[in-house]
file target-v5.txt (compact mmCIF, C-alpha atoms)
# COMPACT_ATOMS: atom_id res chain seq x y z
CA MET A 27 0.00 0.00 0.00
CA SER A 28 2.95 2.34 -0.44
CA GLU A 29 1.92 3.85 -3.79
CA ASP A 30 -0.04 7.07 -3.44
CA ARG A 31 -2.82 6.11 -5.82
CA ILE A 32 -6.54 5.48 -5.69
CA VAL A 33 -8.85 3.69 -8.13
CA LEU A 34 -12.12 5.37 -9.12
CA TYR A 35 -14.80 3.01 -10.44
CA SER A 36 -18.06 4.25 -11.96
CA ARG A 37 -19.42 1.34 -13.99
CA THR A 38 -23.22 1.06 -14.15
CA THR A 39 -25.45 -1.77 -15.35
CA GLY A 40 -28.55 -0.26 -13.75
CA PHE A 41 -29.53 3.39 -13.39
CA ARG A 42 -26.82 5.78 -14.54
CA HIS A 43 -26.48 9.10 -12.73
CA ASP A 44 -25.90 12.24 -14.78
CA SER A 45 -23.56 13.39 -12.01
CA ILE A 46 -20.89 10.76 -12.75
CA PRO A 47 -18.74 12.93 -15.07
CA ALA A 48 -18.77 15.77 -12.55
CA GLY A 49 -17.88 13.30 -9.81
CA VAL A 50 -14.98 11.85 -11.78
CA ALA A 51 -13.61 15.35 -12.43
CA ALA A 52 -14.02 16.27 -8.78
CA PHE A 53 -12.17 13.19 -7.55
CA HIS A 54 -9.27 13.90 -9.91
CA GLU A 55 -9.02 17.34 -8.32
CA LEU A 56 -9.53 16.09 -4.75
CA GLY A 57 -7.00 13.33 -5.29
CA ALA A 58 -4.43 15.88 -6.40
CA GLU A 59 -5.19 17.97 -3.33
CA ALA A 60 -4.57 14.92 -1.12
CA GLY A 61 -1.43 13.90 -3.00
CA LEU A 62 -3.11 10.88 -4.59
CA ALA A 63 -2.99 9.94 -8.26
CA VAL A 64 -6.34 8.74 -9.62
CA THR A 65 -6.90 5.80 -11.94
CA ALA A 66 -10.49 6.13 -13.24
CA THR A 67 -12.14 3.24 -15.04
CA GLU A 68 -15.44 1.56 -15.89
CA ASP A 69 -13.76 -1.64 -17.07
CA PRO A 70 -14.07 -4.46 -14.49
CA ASP A 71 -10.87 -6.12 -15.68
CA GLU A 72 -8.95 -2.84 -15.42
CA LEU A 73 -10.33 -2.38 -11.91
CA THR A 74 -9.14 -5.86 -10.92
CA ALA A 75 -5.66 -5.13 -12.28
CA ALA A 76 -5.47 -1.68 -10.69
CA LEU A 77 -6.42 -2.62 -7.12
CA PRO A 78 -3.09 -4.09 -5.97
CA GLY A 79 -0.90 -1.31 -4.61
CA ALA A 80 -3.68 1.31 -4.48
CA ARG A 81 -4.50 3.13 -1.26
CA ALA A 82 -8.28 3.10 -1.75
CA VAL A 83 -11.02 2.34 -4.24
CA VAL A 84 -13.93 4.72 -4.82
CA PHE A 85 -17.26 3.37 -6.07
CA LEU A 86 -18.85 6.50 -7.55
CA SER A 87 -22.58 5.98 -8.15
CA THR A 88 -22.04 2.48 -9.48
CA SER A 89 -25.21 0.47 -9.99
CA GLY A 90 -26.23 -3.10 -10.69
CA GLU A 91 -23.78 -5.95 -11.11
CA VAL A 92 -20.47 -4.29 -11.93
CA LEU A 93 -17.82 -6.84 -10.87
CA THR A 94 -16.57 -10.08 -12.37
CA ASP A 95 -15.84 -13.07 -10.13
CA GLU A 96 -12.18 -12.09 -10.34
CA GLY A 97 -13.08 -8.54 -9.36
CA ARG A 98 -14.99 -9.72 -6.32
CA ALA A 99 -12.03 -11.81 -5.19
CA ALA A 100 -9.66 -8.90 -5.82
CA LEU A 101 -11.83 -6.50 -3.82
CA ARG A 102 -12.02 -8.92 -0.88
CA ALA A 103 -8.25 -9.33 -0.90
CA PHE A 104 -7.68 -5.59 -1.27
CA LEU A 105 -9.82 -4.72 1.74
CA ALA A 106 -8.49 -7.60 3.83
CA ALA A 107 -4.98 -6.23 3.23
CA GLY A 108 -6.01 -2.83 4.59
CA GLY A 109 -7.11 -1.02 1.44
CA GLY A 110 -9.67 1.72 1.85
CA PHE A 111 -13.16 1.99 0.34
CA VAL A 112 -15.20 5.11 -0.44
CA GLY A 113 -18.80 4.65 -1.58
CA VAL A 114 -20.68 7.61 -3.02
CA HIS A 115 -24.46 7.74 -3.51
CA GLY A 116 -25.37 4.89 -5.90
CA ALA A 117 -22.68 2.61 -4.46
CA SER A 118 -25.44 1.25 -2.24
CA THR A 119 -27.40 0.21 -5.36
CA THR A 120 -24.58 -2.09 -6.46
CA GLU A 121 -23.95 -5.87 -6.44
CA TYR A 122 -27.37 -6.88 -5.06
CA ASP A 123 -26.45 -10.51 -5.73
CA TRP A 124 -23.41 -10.23 -3.46
CA PRO A 125 -24.74 -9.46 0.04
CA TRP A 126 -21.23 -9.17 1.47
CA PHE A 127 -20.66 -6.05 -0.60
CA GLY A 128 -23.84 -4.29 0.45
CA HIS A 129 -23.75 -5.11 4.13
CA GLU A 130 -20.06 -5.58 4.95
CA VAL A 131 -18.42 -3.10 2.59
CA VAL A 132 -20.93 -0.32 1.97
CA GLY A 133 -22.86 -0.92 5.20
CA ALA A 134 -26.44 -0.86 3.92
CA VAL A 135 -28.47 -1.59 0.78
CA PHE A 136 -30.56 0.98 -1.12
CA ASP A 137 -34.35 0.70 -0.83
CA GLY A 138 -35.76 3.48 -2.99
CA HIS A 139 -35.93 7.24 -2.67
CA PRO A 140 -38.45 10.08 -2.88
CA ALA A 141 -38.33 12.86 -5.46
CA LEU A 142 -35.26 15.06 -5.62
CA GLN A 143 -35.81 17.85 -3.09
CA SER A 144 -34.18 19.99 -0.44
CA GLY A 145 -33.86 18.66 3.09
CA VAL A 146 -31.66 18.77 6.16
CA VAL A 147 -28.67 16.61 6.99
CA VAL A 148 -28.17 16.34 10.76
CA VAL A 149 -24.47 16.02 11.56
CA GLU A 150 -24.08 13.69 14.54
CA ASP A 151 -20.30 13.39 14.70
CA HIS A 152 -18.00 16.33 14.06
CA ASP A 153 -14.94 14.34 15.11
CA HIS A 154 -14.34 13.03 11.59
CA PRO A 155 -12.70 14.76 8.62
CA ALA A 156 -15.77 14.24 6.42
CA THR A 157 -18.06 16.16 8.77
CA ALA A 158 -15.78 18.35 10.91
CA HIS A 159 -16.43 21.41 8.72
CA LEU A 160 -20.20 21.04 8.46
CA PRO A 161 -22.87 22.82 10.50
CA ALA A 162 -25.03 20.83 12.90
CA ARG A 163 -27.87 21.12 10.38
CA TRP A 164 -26.80 21.16 6.75
CA ASP A 165 -29.31 22.15 4.06
CA PHE A 166 -28.84 20.02 0.94
CA VAL A 167 -30.65 18.93 -2.23
CA ASP A 168 -30.62 15.20 -2.88
CA GLU A 169 -32.71 12.03 -3.25
CA TRP A 170 -32.62 11.06 0.46
CA TYR A 171 -31.98 7.35 0.03
CA ASN A 172 -33.89 4.85 2.15
CA PHE A 173 -32.16 1.57 3.08
CA THR A 174 -33.41 -1.97 3.65
CA THR A 175 -31.91 -2.01 7.15
CA ASN A 176 -30.61 0.60 9.56
CA PRO A 177 -26.79 0.30 9.60
CA ARG A 178 -26.35 2.05 12.96
CA PRO A 179 -25.70 -1.10 15.04
CA HIS A 180 -22.72 -1.97 12.84
CA VAL A 181 -21.19 1.36 11.77
CA ARG A 182 -20.15 4.76 13.09
CA VAL A 183 -22.90 7.10 11.94
CA LEU A 184 -21.61 10.54 11.02
CA ALA A 185 -24.78 12.18 9.71
CA ALA A 186 -28.47 11.40 9.31
CA ALA A 187 -31.50 12.71 7.47
CA ASP A 188 -34.13 14.78 9.24
CA GLU A 189 -37.22 13.17 7.71
CA THR A 190 -39.40 16.04 8.93
CA SER A 191 -37.53 18.35 6.53
CA TYR A 192 -38.62 16.60 3.31
CA GLU A 193 -41.31 14.30 1.91
CA GLY A 194 -40.94 10.56 1.37
CA GLY A 195 -38.65 9.33 4.15
CA ARG A 196 -39.42 5.78 5.30
CA MET A 197 -36.92 5.09 8.07
CA GLY A 198 -38.45 7.23 10.79
CA GLY A 199 -36.57 9.19 13.39
CA ASP A 200 -33.30 7.34 12.84
CA HIS A 201 -32.20 7.63 9.20
CA PRO A 202 -28.40 7.39 8.75
CA LEU A 203 -27.00 8.89 5.55
CA VAL A 204 -23.24 9.02 6.13
CA TRP A 205 -21.14 6.52 8.04
CA CYS A 206 -17.83 4.70 8.29
CA HIS A 207 -16.55 1.39 9.63
CA GLU A 208 -13.65 -1.07 9.47
CA ARG A 209 -15.60 -4.33 9.30
CA SER A 210 -14.20 -5.64 6.01
CA GLY A 211 -10.53 -5.20 6.87
CA GLY A 212 -9.74 -1.75 5.55
CA ARG A 213 -11.45 1.54 6.27
CA SER A 214 -14.84 1.99 4.59
CA PHE A 215 -16.64 5.34 4.21
CA TYR A 216 -20.06 5.84 2.62
CA THR A 217 -22.13 8.92 1.86
CA ALA A 218 -25.63 8.64 0.38
CA LEU A 219 -25.32 12.19 -0.95
CA GLY A 220 -24.17 13.19 -4.44
CA HIS A 221 -27.11 12.79 -6.82
CA THR A 222 -26.77 16.09 -8.68
CA PRO A 223 -23.87 17.28 -10.83
CA GLU A 224 -24.01 20.55 -8.89
CA SER A 225 -23.12 18.71 -5.68
CA PHE A 226 -19.60 18.15 -6.94
CA SER A 227 -18.93 21.87 -7.31
CA ASP A 228 -20.32 22.64 -3.82
CA PRO A 229 -17.33 23.47 -1.58
CA ALA A 230 -18.93 21.90 1.50
CA PHE A 231 -19.71 18.66 -0.34
CA ARG A 232 -16.26 18.54 -1.90
CA ALA A 233 -14.71 18.94 1.55
CA HIS A 234 -17.04 16.17 2.75
CA LEU A 235 -15.73 13.82 0.05
CA LEU A 236 -12.12 14.81 0.60
CA GLY A 237 -12.45 14.17 4.32
CA GLY A 238 -13.96 10.75 3.66
CA LEU A 239 -11.18 9.92 1.21
CA ARG A 240 -8.44 11.03 3.57
CA TRP A 241 -9.95 8.96 6.37
CA ALA A 242 -10.23 5.89 4.11
CA VAL A 243 -6.54 6.06 3.21
CA ASN A 244 -5.64 6.95 6.80
CA ALA A 245 -3.91 10.15 5.73
CA PRO A 246 -3.25 13.24 7.89
CA ALA A 247 -5.67 16.12 7.37
CA ASP A 248 -2.92 18.20 5.72
CA ALA A 249 -1.64 15.44 3.42
CA GLY A 250 -0.89 16.71 -0.07
CA ARG A 251 -0.78 20.37 0.93

call {"tool": "encode", "arguments": {"input": "target-v5.txt", "output": "structure tokens"}}
result
Amino acid sequence: MSEDRIVLYSRTTGFRHDSIPAGVAAFHELGAEAGLAVTATEDPDELTAALPGARAVVFLSTSGEVLTDEGRAALRAFLAAGGGFVGVHGASTTEYDWPWFGHEVVGAVFDGHPALQSGVVVVEDHDHPATAHLPARWDFVDEWYNFTTNPRPHVRVLAAADETSYEGGRMGGDHPLVWCHERSGGRSFYTALGHTPESFSDPAFRAHLLGGLRWAVNAPADAGR
């Protein structure tokens, strides 16, 4: 894990988000800020080949079945060896036929969303680089993902949705949106936010992603500066 490089994966076989190109561009810029080269791909074989030696892998709004059997084995080995994982938005809509990915890597599995609308993110934990800069209540526009199970018993929840601030929430008073954990070997960070292209030019959201990335690779807050 000595090479300062991350792999960015954005393959989709289900719904494809219009925000993916903006997200790819943002991660190239954020990687440079953190001193990390970025290998971006949508080719499952290229992903498999690129994982060894990388510091982290980012699943950027992936959807559907996006890995080969070799890719699944490579991802397991990568995380077991201490590699980091960053899941953004649609990452929780990925690999439904591989429960280990949804529950042990991402932390929860997508279960629908209401219409795109403004709402409030409640920051629960400011002692993390992904949320340290955010206000206690952060106004945002997104799809407010629901999940099949509440991940809280198994992860460190960093931020949650205030379901009273928008229409269509189905998880009640405890609706995690952003969390992290180390259950699969390496560090895993997930944010359900990032539906719109505009999100990736929002300074607060970019800092949110950069903080999650730095945590996943276990880098100091000033790394790359």

call {"tool": "closest_residue", "arguments": {"input": "target-v5.txt", "among": "A:Gly109, A:Arg213, A:Glu130, A:Ser36", "to": "Val92 in chain A", "atoms": "only C-alpha atoms"}}
result
A:Ser36

call {"tool": "closest_atom_pairs", "arguments": {"input": "target-v5.txt", "of": "range 53-167 of chain A", "to": "range 188-202 of chain A", "cutoff": "8 Å", "atoms": "only C-alpha atoms", "output": "JSON lines"}}
result
{"residue": "A:His139", "atom": "CA", "partner": "A:Gly194", "partner_atom": "CA", "distance": 7.2}
{"residue": "A:Pro140", "atom": "CA", "partner": "A:Gly194", "partner_atom": "CA", "distance": 4.9}
{"residue": "A:Ala141", "atom": "CA", "partner": "A:Gly194", "partner_atom": "CA", "distance": 7.7}
{"residue": "A:Gln143", "atom": "CA", "partner": "A:Tyr192", "partner_atom": "CA", "distance": 7.1}
{"residue": "A:Ser144", "atom": "CA", "partner": "A:Tyr192", "partner_atom": "CA", "distance": 6.7}
{"residue": "A:Gly145", "atom": "CA", "partner": "A:Ser191", "partner_atom": "CA", "distance": 5.0}
{"residue": "A:Val146", "atom": "CA", "partner": "A:Asp188", "partner_atom": "CA", "distance": 5.6}
{"residue": "A:Val147", "atom": "CA", "partner": "A:Asp188", "partner_atom": "CA", "distance": 6.2}
{"residue": "A:Val148", "atom": "CA", "partner": "A:Asp188", "partner_atom": "CA", "distance": 6.3}

call {"tool": "residues_near_point", "arguments": {"input": "target-v5.txt", "point": "(-20.2, 5.2, 2.1)", "cutoff": "9 Å", "atoms": "all atoms listed in the file", "output": "mmCIF file with C-alpha atoms, in the frame of the given file"}}
result
data_model
loop_
_atom_site.group_PDB
_atom_site.id
_atom_site.type_symbol
_atom_site.label_atom_id
_atom_site.label_comp_id
_atom_site.auth_asym_id
_atom_site.auth_seq_id
_atom_site.Cartn_x
_atom_site.Cartn_y
_atom_site.Cartn_z
ATOM 1 C CA PHE A 85 -17.260 3.370 -6.070
ATOM 2 C CA PHE A 111 -13.160 1.990 0.340
ATOM 3 C CA VAL A 112 -15.200 5.110 -0.440
ATOM 4 C CA GLY A 113 -18.800 4.650 -1.580
ATOM 5 C CA VAL A 114 -20.680 7.610 -3.020
ATOM 6 C CA HIS A 115 -24.460 7.740 -3.510
ATOM 7 C CA ALA A 117 -22.680 2.610 -4.460
ATOM 8 C CA SER A 118 -25.440 1.250 -2.240
ATOM 9 C CA VAL A 131 -18.420 -3.100 2.590
ATOM 10 C CA VAL A 132 -20.930 -0.320 1.970
ATOM 11 C CA GLY A 133 -22.860 -0.920 5.200
ATOM 12 C CA ALA A 134 -26.440 -0.860 3.920
ATOM 13 C CA LEU A 203 -27.000 8.890 5.550
ATOM 14 C CA VAL A 204 -23.240 9.020 6.130
ATOM 15 C CA TRP A 205 -21.140 6.520 8.040
ATOM 16 C CA CYS A 206 -17.830 4.700 8.290
ATOM 17 C CA SER A 214 -14.840 1.990 4.590
ATOM 18 C CA PHE A 215 -16.640 5.340 4.210
ATOM 19 C CA TYR A 216 -20.060 5.840 2.620
ATOM 20 C CA THR A 217 -22.130 8.920 1.860
ATOM 21 C CA ALA A 218 -25.630 8.640 0.380
ATOM 22 C CA GLY A 238 -13.960 10.750 3.660
#

call {"tool": "closest_residue", "arguments": {"input": "target-v5.txt", "among": "A:Ala99, A:Val183, A:Ala230, A:Leu142", "to": "Pro161 in chain A", "atoms": "only C-alpha atoms"}}
result
A:Ala230

call {"tool": "closest_residue", "arguments": {"input": "target-v5.txt", "among": "A:Ser45, A:Thr222, A:Thr157, A:Thr65", "to": "Gly237 in chain A", "atoms": "only C-alpha atoms"}}
result
A:Thr157

call {"tool": "closest_residue", "arguments": {"input": "target-v5.txt", "among": "A:Asp71, A:Glu59, A:Asp137, A:Asp44", "to": "Leu235 in chain A", "atoms": "only C-alpha atoms"}}
result
A:Glu59

call {"tool": "atom_distance", "arguments": {"input": "target-v5.txt", "atom1": "CA of Arg232 in chain A", "atom2": "CA of Ala187 in chain A"}}
result
18.8 Å

call {"tool": "closest_residue", "arguments": {"input": "target-v5.txt", "among": "A:Thr88, A:Ser210, A:Thr94, A:Thr175", "to": "Leu34 in chain A", "atoms": "only C-alpha atoms"}}
result
A:Thr88

call {"tool": "closest_residue", "arguments": {"input": "target-v5.txt", "among": "A:Arg209, A:His221, A:His234, A:Arg37", "to": "Glu68 in chain A", "atoms": "all atoms listed in the file"}}
result
A:Arg37

call {"tool": "atom_distance", "arguments": {"input": "target-v5.txt", "atom1": "CA of Gly138 in chain A", "atom2": "CA of Phe166 in chain A"}}
result
18.4 Å

call {"tool": "atom_distance", "arguments": {"input": "target-v5.txt", "atom1": "CA of Glu55 in chain A", "atom2": "CA of Arg240 in chain A"}}
result
13.5 Å

call {"tool": "residues_around", "arguments": {"input": "target-v5.txt", "residues": "Ala100 in chain A", "least_positions_apart": "5", "cutoff": "10 Å", "atoms": "only C-alpha atoms", "output": "PyMOL selection string"}}
result
chain A and resi 73-78+93-95+105-106

call {"tool": "write_last_selection", "arguments": {"input": "target-v5.txt", "atoms": "C-alpha atoms", "output": "PDB file, in the coordinates of the input"}}
result
ATOM      1  CA  LEU A  73     -10.330  -2.380 -11.910  1.00  0.00           C
ATOM      2  CA  THR A  74      -9.140  -5.860 -10.920  1.00  0.00           C
ATOM      3  CA  ALA A  75      -5.660  -5.130 -12.280  1.00  0.00           C
ATOM      4  CA  ALA A  76      -5.470  -1.680 -10.690  1.00  0.00           C
ATOM      5  CA  LEU A  77      -6.420  -2.620  -7.120  1.00  0.00           C
ATOM      6  CA  PRO A  78      -3.090  -4.090  -5.970  1.00  0.00           C
ATOM      7  CA  LEU A  93     -17.820  -6.840 -10.870  1.00  0.00           C
ATOM      8  CA  THR A  94     -16.570 -10.080 -12.370  1.00  0.00           C
ATOM      9  CA  ASP A  95     -15.840 -13.070 -10.130  1.00  0.00           C
ATOM     10  CA  LEU A 105      -9.820  -4.720   1.740  1.00  0.00           C
ATOM     11  CA  ALA A 106      -8.490  -7.600   3.830  1.00  0.00           C
TER      12      ALA A 106
END

call {"tool": "residues_around", "arguments": {"input": "target-v5.txt", "residues": "Thr119 in chain A", "least_positions_apart": "5", "cutoff": "7 Å", "atoms": "all atoms listed in the file", "output": "list in words"}}
result
Ser89, Gly90, Val135 and Phe136 of chain A
